[in-house]
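Everything below belongs to start-v3.cif, which stores mmCIF, C-alpha atoms and all ligand atoms.
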```cif
data_structure
#
loop_
_atom_site.label_atom_id
_atom_site.label_comp_id
_atom_site.auth_asym_id
_atom_site.auth_seq_id
_atom_site.Cartn_x
_atom_site.Cartn_y
_atom_site.Cartn_z
CA MET A 1 -47.28 10.18 17.46
CA LYS A 2 -45.46 8.91 14.39
CA THR A 3 -45.02 5.15 13.93
CA SER A 4 -41.45 4.19 13.07
CA HIS A 5 -40.65 1.67 10.31
CA ALA A 6 -39.47 -0.81 12.96
CA GLN A 7 -42.74 -0.48 14.89
CA LYS A 8 -44.80 -1.09 11.74
CA ASN A 9 -42.63 -4.04 10.74
CA PRO A 10 -41.04 -5.56 13.86
CA ALA A 11 -39.25 -8.22 11.78
CA ALA A 12 -37.15 -5.48 10.17
CA ALA A 13 -35.97 -4.05 13.47
CA PRO A 14 -33.09 -6.35 14.52
CA SER A 15 -31.30 -6.32 11.16
CA ALA A 16 -31.67 -2.54 10.99
CA ARG A 17 -29.69 -2.36 14.22
CA VAL A 18 -26.81 -4.62 13.07
CA PRO A 19 -23.76 -2.35 12.85
CA MET A 20 -21.96 -2.41 9.49
CA ILE A 21 -18.63 -3.60 10.84
CA ARG A 22 -15.66 -4.74 8.76
CA THR A 23 -13.39 -7.27 10.41
CA VAL A 24 -9.69 -7.51 9.74
CA GLU A 25 -10.24 -10.79 7.86
CA GLN A 26 -12.84 -9.16 5.57
CA HIS A 27 -10.54 -6.23 5.03
CA ILE A 28 -7.56 -8.40 4.09
CA LEU A 29 -9.71 -10.39 1.64
CA GLU A 30 -10.99 -7.16 0.06
CA GLN A 31 -7.41 -5.92 -0.31
CA GLN A 32 -6.38 -9.22 -1.89
CA ARG A 33 -9.16 -9.05 -4.48
CA LYS A 34 -7.32 -6.06 -5.93
CA PHE A 35 -4.61 -8.55 -6.99
CA PRO A 36 -6.06 -11.03 -9.49
CA HIS A 37 -3.31 -13.63 -8.88
CA ALA A 38 -3.71 -13.66 -5.09
CA THR A 39 -4.12 -17.20 -3.80
CA GLY A 40 -5.61 -16.40 -0.39
CA GLU A 41 -2.52 -17.92 1.27
CA PHE A 42 -1.51 -14.56 2.61
CA SER A 43 -4.89 -13.92 4.26
CA TRP A 44 -4.67 -17.35 5.83
CA LEU A 45 -1.27 -16.43 7.28
CA LEU A 46 -2.47 -13.07 8.62
CA SER A 47 -5.48 -14.72 10.21
CA GLY A 48 -2.97 -16.89 12.15
CA ILE A 49 -1.44 -13.71 13.52
CA THR A 50 -4.79 -12.22 14.50
CA LEU A 51 -5.74 -15.47 16.24
CA ALA A 52 -2.43 -15.56 18.15
CA THR A 53 -2.73 -11.96 19.31
CA LYS A 54 -6.31 -12.53 20.49
CA ILE A 55 -5.07 -15.41 22.62
CA ILE A 56 -2.16 -13.33 23.94
CA GLN A 57 -4.39 -10.37 24.78
CA ALA A 58 -6.72 -12.68 26.71
CA GLN A 59 -3.72 -13.78 28.81
CA VAL A 60 -2.52 -10.19 29.23
CA ARG A 61 -5.98 -9.11 30.42
CA ARG A 62 -5.94 -11.83 33.09
CA ALA A 63 -2.35 -11.13 34.11
CA GLY A 64 -3.25 -10.28 37.70
CA LEU A 65 -5.46 -13.35 38.06
CA LEU A 66 -3.27 -16.04 36.59
CA GLU A 67 0.25 -17.04 37.47
CA VAL A 68 1.58 -15.33 34.37
CA ILE A 69 3.29 -12.34 35.95
CA GLY A 70 6.83 -12.62 37.10
CA GLN A 71 10.04 -13.98 35.75
CA THR A 72 10.75 -17.56 34.81
CA GLY A 73 14.29 -17.40 36.12
CA GLU A 74 15.67 -17.92 32.60
CA VAL A 75 17.53 -15.35 30.55
CA ASN A 76 16.73 -14.92 26.84
CA VAL A 77 19.17 -14.50 23.98
CA GLN A 78 19.23 -10.74 24.54
CA GLY A 79 20.46 -11.31 28.11
CA GLU A 80 17.16 -10.13 29.61
CA ALA A 81 15.13 -11.97 32.24
CA VAL A 82 12.30 -13.90 30.56
CA GLU A 83 8.88 -12.92 31.84
CA ARG A 84 6.33 -15.70 32.00
CA LEU A 85 3.98 -13.87 29.63
CA ASP A 86 6.83 -13.58 27.12
CA GLU A 87 7.07 -17.33 27.01
CA ILE A 88 3.33 -17.76 26.63
CA ALA A 89 3.24 -15.21 23.82
CA ASN A 90 6.17 -16.85 22.06
CA ARG A 91 4.62 -20.30 22.25
CA THR A 92 1.21 -19.01 21.17
CA ILE A 93 2.54 -17.40 18.00
CA ARG A 94 4.59 -20.49 17.16
CA HIS A 95 1.57 -22.68 17.71
CA CYS A 96 -0.79 -20.53 15.61
CA LEU A 97 1.61 -20.13 12.69
CA ALA A 98 3.57 -23.36 12.55
CA TYR A 99 0.57 -25.30 11.25
CA ARG A 100 -0.56 -22.82 8.60
CA GLY A 101 1.32 -24.73 5.89
CA ASN A 102 2.56 -21.64 4.12
CA VAL A 103 4.96 -20.49 6.86
CA GLY A 104 8.37 -22.04 6.28
CA ILE A 105 10.46 -20.28 8.94
CA LEU A 106 9.54 -18.59 12.22
CA VAL A 107 12.03 -16.24 13.84
CA SER A 108 11.42 -14.92 17.33
CA GLU A 109 13.25 -12.29 19.29
CA GLU A 110 13.11 -14.70 22.22
CA ASP A 111 14.77 -17.66 20.51
CA HIS A 112 18.42 -18.46 19.86
CA GLU A 113 17.77 -20.04 16.48
CA PRO A 114 15.18 -19.72 13.71
CA HIS A 115 12.47 -22.35 13.79
CA VAL A 116 12.37 -24.16 10.45
CA ILE A 117 9.04 -25.87 9.97
CA GLU A 118 9.83 -29.26 8.51
CA GLU A 119 6.24 -30.09 7.60
CA ALA A 120 5.96 -26.88 5.53
CA GLU A 121 8.16 -28.10 2.68
CA SER A 122 6.76 -25.45 0.35
CA GLY A 123 6.06 -22.76 2.98
CA ARG A 124 6.93 -19.59 1.20
CA TYR A 125 6.65 -17.09 4.05
CA ILE A 126 9.05 -16.20 6.85
CA VAL A 127 7.50 -14.58 9.92
CA LEU A 128 9.72 -12.63 12.31
CA PHE A 129 8.24 -11.38 15.55
CA ASP A 130 8.74 -9.80 18.93
CA PRO A 131 6.09 -11.74 20.86
CA LEU A 132 5.78 -9.34 23.77
CA ASP A 133 7.47 -6.01 23.37
CA GLY A 134 7.90 -3.93 26.52
CA SER A 135 7.76 -6.96 28.77
CA SER A 136 9.56 -5.23 31.64
CA ASN A 137 6.38 -3.11 31.89
CA ILE A 138 4.08 -6.09 32.47
CA ASN A 139 4.10 -5.97 36.25
CA ALA A 140 3.22 -2.27 36.22
CA ASN A 141 0.13 -2.69 34.00
CA VAL A 142 1.64 -0.53 31.27
CA SER A 143 0.80 -1.05 27.58
CA ILE A 144 2.77 -3.78 25.84
CA GLY A 145 2.43 -5.35 22.40
CA THR A 146 3.39 -7.80 19.66
CA ILE A 147 5.30 -6.77 16.52
CA PHE A 148 5.52 -8.85 13.34
CA SER A 149 7.29 -8.75 10.00
CA ILE A 150 6.62 -11.00 7.00
CA LEU A 151 9.13 -11.86 4.30
CA GLN A 152 8.93 -14.21 1.34
CA ARG A 153 11.44 -17.00 0.98
CA ASN A 154 13.93 -16.45 -1.79
CA PRO A 155 13.24 -19.26 -4.28
CA GLY A 156 16.83 -18.95 -5.51
CA LEU A 157 18.14 -20.18 -2.16
CA SER A 158 17.97 -23.74 -0.89
CA ARG A 159 16.02 -24.75 2.22
CA GLY A 160 19.31 -25.19 4.04
CA GLU A 161 20.37 -21.57 3.57
CA VAL A 162 18.21 -20.43 6.47
CA MET A 163 20.24 -17.40 7.57
CA ALA A 164 20.47 -16.03 4.04
CA GLN A 165 16.69 -16.38 3.81
CA ILE A 166 16.16 -14.42 7.01
CA LEU A 167 18.74 -11.67 6.57
CA GLN A 168 16.78 -9.66 4.02
CA PRO A 169 16.68 -5.85 4.09
CA GLY A 170 13.46 -4.32 5.40
CA TYR A 171 12.32 -3.01 2.02
CA GLN A 172 11.67 -6.63 1.04
CA GLN A 173 9.00 -7.09 3.71
CA VAL A 174 5.66 -8.08 2.19
CA ALA A 175 3.71 -7.09 5.30
CA ALA A 176 4.29 -5.88 8.83
CA GLY A 177 2.34 -4.64 11.78
CA TYR A 178 1.77 -4.68 15.48
CA VAL A 179 -0.81 -5.11 18.20
CA VAL A 180 -0.91 -2.90 21.31
CA TYR A 181 -2.47 -4.39 24.44
CA GLY A 182 -3.44 -1.06 25.96
CA SER A 183 -6.65 0.49 27.20
CA SER A 184 -8.09 -1.40 24.22
CA THR A 185 -6.40 -3.91 21.93
CA VAL A 186 -5.44 -2.27 18.66
CA MET A 187 -3.88 -3.81 15.55
CA ALA A 188 -2.22 -1.90 12.72
CA TYR A 189 -0.86 -3.60 9.61
CA THR A 190 0.44 -2.79 6.19
CA ALA A 191 0.84 -5.04 3.19
CA GLY A 192 2.37 -2.25 1.14
CA SER A 193 -0.78 -0.31 0.32
CA GLY A 194 -1.35 1.94 3.30
CA VAL A 195 -1.72 1.30 7.00
CA HIS A 196 -5.02 0.02 8.35
CA MET A 197 -6.04 0.02 11.99
CA PHE A 198 -8.44 -2.25 13.87
CA THR A 199 -9.78 -2.38 17.41
CA LEU A 200 -10.60 -5.68 19.07
CA ASP A 201 -14.26 -5.71 20.03
CA PRO A 202 -14.26 -8.01 23.08
CA SER A 203 -18.01 -8.56 22.86
CA ILE A 204 -17.68 -10.36 19.51
CA GLY A 205 -13.99 -11.38 19.64
CA ALA A 206 -13.16 -9.73 16.32
CA TYR A 207 -10.81 -7.00 15.18
CA VAL A 208 -13.07 -4.33 13.70
CA LEU A 209 -11.87 -1.71 11.22
CA ALA A 210 -11.24 1.58 13.01
CA GLN A 211 -9.39 3.51 10.31
CA GLU A 212 -8.25 2.83 6.78
CA ASN A 213 -5.16 4.46 5.27
CA VAL A 214 -3.91 5.94 8.51
CA GLN A 215 -1.64 8.93 7.99
CA MET A 216 1.01 10.00 10.47
CA PRO A 217 0.90 13.78 11.02
CA PRO A 218 3.73 15.29 8.93
CA SER A 219 5.03 17.14 11.99
CA GLY A 220 4.50 17.02 15.72
CA ARG A 221 6.16 18.70 18.67
CA ILE A 222 6.45 15.60 20.86
CA TYR A 223 9.71 13.80 21.45
CA SER A 224 9.92 10.37 22.96
CA THR A 225 13.21 9.09 24.33
CA ASN A 226 14.81 7.79 27.51
CA GLU A 227 16.43 11.05 28.55
CA ALA A 228 18.29 9.37 31.39
CA TYR A 229 20.84 8.30 28.75
CA CYS A 230 21.06 11.76 27.18
CA GLN A 231 24.62 12.53 28.14
CA ASN A 232 25.77 9.43 26.26
CA PHE A 233 23.72 10.17 23.12
CA PRO A 234 25.42 11.41 19.92
CA GLU A 235 26.03 15.16 20.12
CA GLY A 236 23.52 16.02 17.37
CA ILE A 237 20.72 14.34 19.32
CA GLN A 238 21.76 16.10 22.52
CA ARG A 239 21.65 19.42 20.65
CA TYR A 240 18.17 18.64 19.26
CA LEU A 241 16.81 17.78 22.72
CA GLN A 242 18.34 20.93 24.17
CA TRP A 243 16.83 22.99 21.35
CA ALA A 244 13.38 21.38 21.75
CA LYS A 245 13.35 22.23 25.47
CA GLN A 246 14.06 25.87 24.70
CA GLN A 247 11.08 26.17 22.30
CA GLY A 248 8.44 26.18 25.00
CA ASP A 249 5.86 24.30 22.91
CA TYR A 250 7.38 20.80 22.93
CA THR A 251 6.23 18.01 25.15
CA SER A 252 7.86 14.72 26.03
CA ARG A 253 6.26 11.28 26.28
CA TYR A 254 8.05 8.00 27.01
CA ILE A 255 6.32 4.77 27.90
CA GLY A 256 9.27 2.40 27.55
CA SER A 257 7.36 -0.02 25.33
CA LEU A 258 8.42 0.72 21.78
CA VAL A 259 5.16 -0.57 20.34
CA ALA A 260 3.10 1.80 22.50
CA ASP A 261 5.44 4.76 21.99
CA PHE A 262 5.33 4.13 18.25
CA HIS A 263 1.54 3.83 18.21
CA ARG A 264 1.19 7.22 19.88
CA THR A 265 3.69 8.72 17.43
CA LEU A 266 1.71 7.28 14.50
CA ILE A 267 -1.48 8.90 15.75
CA ARG A 268 -0.22 12.13 17.27
CA GLY A 269 2.99 12.75 15.35
CA GLY A 270 6.42 13.67 16.71
CA VAL A 271 9.56 11.59 16.95
CA PHE A 272 10.71 8.50 18.84
CA LEU A 273 14.45 8.24 19.40
CA TYR A 274 16.51 5.32 20.65
CA PRO A 275 19.97 6.25 19.45
CA GLY A 276 23.25 4.50 20.14
CA THR A 277 25.11 5.50 23.27
CA LYS A 278 28.80 5.50 24.12
CA GLN A 279 28.34 2.15 25.86
CA ALA A 280 26.04 0.66 23.22
CA PRO A 281 26.74 2.28 19.83
CA GLN A 282 24.00 0.21 18.17
CA GLY A 283 21.40 1.10 20.82
CA LYS A 284 19.05 -1.54 22.15
CA LEU A 285 16.33 -2.15 19.60
CA ARG A 286 16.38 -5.08 17.21
CA LEU A 287 16.49 -4.44 13.48
CA LEU A 288 14.51 -7.49 12.34
CA TYR A 289 11.78 -7.66 14.97
CA GLU A 290 11.29 -4.01 15.93
CA ALA A 291 12.87 -1.39 13.66
CA ASN A 292 12.09 -2.98 10.26
CA PRO A 293 8.38 -3.68 10.79
CA LEU A 294 7.72 -0.31 12.42
CA ALA A 295 9.73 1.50 9.74
CA PHE A 296 7.57 -0.18 7.07
CA VAL A 297 4.40 0.93 8.89
CA ALA A 298 5.80 4.46 9.40
CA GLU A 299 6.71 4.89 5.73
CA GLN A 300 3.37 3.54 4.56
CA ALA A 301 1.70 6.14 6.80
CA GLY A 302 3.81 8.98 5.38
CA GLY A 303 6.41 8.98 8.15
CA THR A 304 10.05 7.99 8.05
CA ALA A 305 12.69 5.94 9.93
CA THR A 306 16.47 6.12 10.01
CA ASP A 307 19.39 4.95 12.14
CA GLY A 308 20.83 8.46 11.92
CA LYS A 309 22.85 7.70 8.79
CA GLU A 310 20.83 5.28 6.70
CA ARG A 311 17.15 4.58 5.99
CA ILE A 312 16.16 1.67 8.25
CA LEU A 313 14.54 -0.27 5.38
CA ASP A 314 17.79 -0.16 3.36
CA LYS A 315 19.95 -1.68 6.07
CA GLN A 316 21.41 -5.06 5.13
CA PRO A 317 21.11 -7.22 8.27
CA LYS A 318 24.23 -9.17 9.15
CA THR A 319 22.98 -11.18 12.11
CA MET A 320 19.60 -12.38 13.30
CA HIS A 321 19.51 -10.43 16.56
CA GLN A 322 21.27 -7.32 15.25
CA ARG A 323 20.50 -4.07 17.07
CA THR A 324 20.14 -0.66 15.49
CA PRO A 325 19.78 2.96 16.53
CA LEU A 326 16.27 4.14 15.64
CA ILE A 327 14.83 7.59 14.90
CA ILE A 328 11.27 7.19 13.69
CA GLY A 329 8.22 9.38 13.30
CA SER A 330 6.83 12.40 11.47
CA LYS A 331 8.90 13.28 8.43
CA GLU A 332 9.53 16.91 9.37
CA GLU A 333 10.49 16.08 12.94
CA VAL A 334 12.90 13.28 11.96
CA GLU A 335 14.49 15.61 9.42
CA ARG A 336 14.81 18.26 12.12
CA VAL A 337 16.59 15.80 14.42
CA LEU A 338 19.02 14.93 11.62
CA SER A 339 19.74 18.61 10.94
CA PHE A 340 21.41 19.10 14.36
P1 LIG B 401 11.64 -4.94 27.37
O1 LIG B 401 10.86 -5.87 26.46
O2 LIG B 401 12.79 -5.59 28.05
O3 LIG B 401 10.75 -4.19 28.31
O4 LIG B 401 12.32 -3.88 26.40
C1 LIG B 401 11.49 -3.05 25.68
C2 LIG B 401 12.29 -2.30 24.68
O5 LIG B 401 13.03 -3.15 23.85
C3 LIG B 401 11.41 -1.37 23.85
O6 LIG B 401 10.09 -1.79 23.78
C4 LIG B 401 11.54 -0.03 24.54
O7 LIG B 401 11.37 1.03 23.67
C5 LIG B 401 12.91 -0.08 25.11
O8 LIG B 401 13.20 -1.44 25.34
C6 LIG B 401 13.03 0.66 26.39
O9 LIG B 401 14.35 0.60 26.81
P2 LIG B 401 14.90 1.50 28.02
O10 LIG B 401 14.36 0.92 29.27
O11 LIG B 401 16.38 1.37 27.89
O12 LIG B 401 14.44 2.91 27.79
#
```

Could I get this file's structure written as structure tokens?
Amino acid sequence: MKTSHAQKNPAAAPSARVPMIRTVEQHILEQQRKFPHATGEFSWLLSGITLATKIIQAQVRRAGLLEVIGQTGEVNVQGEAVERLDEIANRTIRHCLAYRGNVGILVSEEDHEPHVIEEAESGRYIVLFDPLDGSSNINANVSIGTIFSILQRNPGLSRGEVMAQILQPGYQQVAAGYVVYGSSTVMAYTAGSGVHMFTLDPSIGAYVLAQENVQMPPSGRIYSTNEAYCQNFPEGIQRYLQWAKQQGDYTSRYIGSLVADFHRTLIRGGVFLYPGTKQAPQGKLRLLYEANPLAFVAEQAGGTATDGKERILDKQPKTMHQRTPLIIGSKEEVERVLSF
């Protein structure tokens, strides 16, 4: 019988078994080293987001055990009932980012007003977020998530010009990403040089690199939309859906949590559609907290995103809670939708 190296030298055995993992923090630092003038401020900010989402996922995982399911009885600025977990997620992100020093303004989908951090006089980043996307799915144990978008403050504007600071088009985002609390907890982010994906390893409490430079398949015969609204969709979209059904090789998937539907589209390809309807010409999704960050991720992965007329990232936001139609996914499939 052969003697293995570990048997001959038992001291070498444990280290030989240590997996060569790369955490999200390591990865961000490595990315930053490519930029000689990087100060490390940005990695500090992103580590606030990873910390917040770890706390949120821990709450989500205990949702059936704790009193965190159910509605608070309040209605948020979007007119939707506030779920208790929404509130927890909102507070957690505020708490983890407000004391980072370099975050000057926090803007949440759940809040009426932006939160200007007085202590962060020189805070040069603005973080916009949807703390718990898909919250109406919480009680049914369906995947939900957090979406974030990071902008830099315009040094040409004064501290008082808060709205002008926030209402920047999506192409000015310096980073964006999301976390899906699904069968595992997955984070994807971009800082403008590709999309990188991490899985939370619960045994060590760290996001571990799963895939670098994720690419969305250029085409995919999956459409994802709430077809119950179909008769009120724009005619071109109705024609596309009709056409897809006649092909025989299309399939349909719709979770009802944008973050989870987008994540599947990123991995499998296809198209997600939430167009305007006759009753709601701007659709339901929010430009600043949902469409912009996911459009940035999609484009960085080789996909594309439009409102049907204009590239999402070119849209000039007019109000903080503005909604937008959204068609996002594989380039060929989005182009096909637009051709109808
Ligand atoms: P909730 O956070 O209220 O569940 O809304 C989720 C969402 O904004 C987005 O995540 C979904 O894609 C979309 O709504 C689903 O909306 P419909 O129920 O109208 O299909």

Find the nearest atom pair between each residue of chain A and ligand LIG 401 (chain B) for residues within 7 Å, count all atoms listed in the file, give distances in Å to one decimal, sort rows by chain and ascending number, and present the table as JSON lines.
```
{"residue": "A:Glu80", "atom": "CA", "partner": "B:LIG401", "partner_atom": "O2", "distance": 6.5}
{"residue": "A:Leu132", "atom": "CA", "partner": "B:LIG401", "partner_atom": "O1", "distance": 6.7}
{"residue": "A:Asp133", "atom": "CA", "partner": "B:LIG401", "partner_atom": "O1", "distance": 4.6}
{"residue": "A:Gly134", "atom": "CA", "partner": "B:LIG401", "partner_atom": "O3", "distance": 3.4}
{"residue": "A:Ser135", "atom": "CA", "partner": "B:LIG401", "partner_atom": "O1", "distance": 4.0}
{"residue": "A:Ser136", "atom": "CA", "partner": "B:LIG401", "partner_atom": "O3", "distance": 3.7}
{"residue": "A:Asn137", "atom": "CA", "partner": "B:LIG401", "partner_atom": "O3", "distance": 5.8}
{"residue": "A:Asn226", "atom": "CA", "partner": "B:LIG401", "partner_atom": "O12", "distance": 4.9}
{"residue": "A:Gly256", "atom": "CA", "partner": "B:LIG401", "partner_atom": "C6", "distance": 4.3}
{"residue": "A:Ser257", "atom": "CA", "partner": "B:LIG401", "partner_atom": "O6", "distance": 3.6}
{"residue": "A:Leu258", "atom": "CA", "partner": "B:LIG401", "partner_atom": "O7", "distance": 3.5}
{"residue": "A:Val259", "atom": "CA", "partner": "B:LIG401", "partner_atom": "O6", "distance": 6.1}
{"residue": "A:Lys284", "atom": "CA", "partner": "B:LIG401", "partner_atom": "O5", "distance": 6.5}
{"residue": "A:Leu285", "atom": "CA", "partner": "B:LIG401", "partner_atom": "O5", "distance": 5.5}
```

Between atom CA of A:Asp111 and atom CA of A:Arg286, what is the distance in Å, rounded to a tenth?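 Rounded to one decimal, the two atoms are 13.1 Å apart.
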
Step by step: start from the point (6.9, -9.3, 7.8) in the file's coordinates, keep every protein, DNA or RNA residue that has an atom no farther than 9 Å from it, count all atoms listed in the file, and write the set as a list in words.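 Final list of nearby residues, as requested, is Tyr125, Ile126, Val127, Leu128, Phe129, Phe148, Ser149, Ile150, Leu151, Gln152, Gly170, Gln172, Gln173, Val174, Ala175, Ala176, Gly177, Ala191, Tyr289, Asn292 and Pro293 of chain A.
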
Now that the selection is made, can you save its residues with C-alpha atoms as a PDB file, keeping the file's coordinate frame?
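Just written: part02.pdb:
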```pdb
ATOM      1  CA  TYR A 125       6.650 -17.090   4.050  1.00  0.00           C
ATOM      2  CA  ILE A 126       9.050 -16.200   6.850  1.00  0.00           C
ATOM      3  CA  VAL A 127       7.500 -14.580   9.920  1.00  0.00           C
ATOM      4  CA  LEU A 128       9.720 -12.630  12.310  1.00  0.00           C
ATOM      5  CA  PHE A 129       8.240 -11.380  15.550  1.00  0.00           C
ATOM      6  CA  PHE A 148       5.520  -8.850  13.340  1.00  0.00           C
ATOM      7  CA  SER A 149       7.290  -8.750  10.000  1.00  0.00           C
ATOM      8  CA  ILE A 150       6.620 -11.000   7.000  1.00  0.00           C
ATOM      9  CA  LEU A 151       9.130 -11.860   4.300  1.00  0.00           C
ATOM     10  CA  GLN A 152       8.930 -14.210   1.340  1.00  0.00           C
ATOM     11  CA  GLY A 170      13.460  -4.320   5.400  1.00  0.00           C
ATOM     12  CA  GLN A 172      11.670  -6.630   1.040  1.00  0.00           C
ATOM     13  CA  GLN A 173       9.000  -7.090   3.710  1.00  0.00           C
ATOM     14  CA  VAL A 174       5.660  -8.080   2.190  1.00  0.00           C
ATOM     15  CA  ALA A 175       3.710  -7.090   5.300  1.00  0.00           C
ATOM     16  CA  ALA A 176       4.290  -5.880   8.830  1.00  0.00           C
ATOM     17  CA  GLY A 177       2.340  -4.640  11.780  1.00  0.00           C
ATOM     18  CA  ALA A 191       0.840  -5.040   3.190  1.00  0.00           C
ATOM     19  CA  TYR A 289      11.780  -7.660  14.970  1.00  0.00           C
ATOM     20  CA  ASN A 292      12.090  -2.980  10.260  1.00  0.00           C
ATOM     21  CA  PRO A 293       8.380  -3.680  10.790  1.00  0.00           C
TER      22      PRO A 293
END
```

Hey, which of A:Val142, A:Ile117, A:Ile147, A:Ile312 ends up closest to A:Ala52? Count all atoms listed in the file.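 Going through A:Val142, A:Ile117, A:Ile147, A:Ile312 one by one, the smallest distance to A:Ala52 is for A:Ile147.
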
Name the closest residue to A:Asn139 among the candidates A:Val60, A:Val208, A:Val162, A:Val107; distances are taken between atoms, counting only C-alpha atoms.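 Ranking A:Val60, A:Val208, A:Val162, A:Val107 by distance to A:Asn139, first place goes to A:Val60.
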
Which one of A:Ala206, A:Leu45, A:Val186, A:Ala140 sits closest to A:Gly123 if you count all atoms listed in the file? A:Leu45

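In this comparison, which uses only C-alpha atoms, the residue of A:Asp86, A:Phe340, A:Arg221, A:Gly182 approaching A:Gly248 most closely is A:Arg221.
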
Find the residues near A:Glu227: any atom within 10 Å, counting all atoms listed in the file, skip ones fewer than 5 places away on the same chain, and give them as a PyMOL selection string. chain A and resi 232-233+238+241+252+254+273-274

In Å, rounded to a single decimal, give me how far atom CA of A:Gly192 is from atom CA of A:Arg33. 14.5 Å

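By all atoms listed in the file, and with residues fewer than 3 positions from A:Lys318 along its chain excluded, the set lying at most 12 Å from it is Met163, Ala164, Gln165, Ile166, Leu167, Gln168, Pro169, Arg286, Leu287, Leu288, Lys315, His321, Gln322, Arg323 and Thr324 of chain A.
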
Selected residues, C-alpha atoms, written as a PDB file, in the coordinates of the input, please.
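Generated file (selection.pdb):
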```
ATOM      1  CA  MET A 163      20.240 -17.400   7.570  1.00  0.00           C
ATOM      2  CA  ALA A 164      20.470 -16.030   4.040  1.00  0.00           C
ATOM      3  CA  GLN A 165      16.690 -16.380   3.810  1.00  0.00           C
ATOM      4  CA  ILE A 166      16.160 -14.420   7.010  1.00  0.00           C
ATOM      5  CA  LEU A 167      18.740 -11.670   6.570  1.00  0.00           C
ATOM      6  CA  GLN A 168      16.780  -9.660   4.020  1.00  0.00           C
ATOM      7  CA  PRO A 169      16.680  -5.850   4.090  1.00  0.00           C
ATOM      8  CA  ARG A 286      16.380  -5.080  17.210  1.00  0.00           C
ATOM      9  CA  LEU A 287      16.490  -4.440  13.480  1.00  0.00           C
ATOM     10  CA  LEU A 288      14.510  -7.490  12.340  1.00  0.00           C
ATOM     11  CA  LYS A 315      19.950  -1.680   6.070  1.00  0.00           C
ATOM     12  CA  HIS A 321      19.510 -10.430  16.560  1.00  0.00           C
ATOM     13  CA  GLN A 322      21.270  -7.320  15.250  1.00  0.00           C
ATOM     14  CA  ARG A 323      20.500  -4.070  17.070  1.00  0.00           C
ATOM     15  CA  THR A 324      20.140  -0.660  15.490  1.00  0.00           C
TER      16      THR A 324
END
```

Report the distance between atom CA of A:Ser339 and atom CA of A:Thr190 in Å, rounded to one decimal place. 29.2 Å

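The closest residue to A:Arg100, picked from A:Ser47, A:Ser184, A:Gln242, A:Thr39 and counting only C-alpha atoms, is A:Ser47.
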
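Among the candidate residues A:Ile55, A:Ala244, A:Val103, A:Ala305, the one lying nearest to A:Pro202 is A:Ile55, with distances computed using all atoms listed in the file.
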
Any idea what's packed within 12 Å of A:Arg311, counting all atoms listed in the file, ignoring anything in its chain fewer than 3 positions away? Could you give it as a list in words? Pro169, Gly170, Tyr171, Leu287, Ala291, Asn292, Ala295, Phe296, Ala298, Glu299, Gly303, Thr304, Ala305, Thr306, Asp307, Gly308, Asp314, Lys315, Gln316, Thr324, Pro325, Leu326, Ile327, Ile328, Val334, Glu335 and Leu338 of chain A
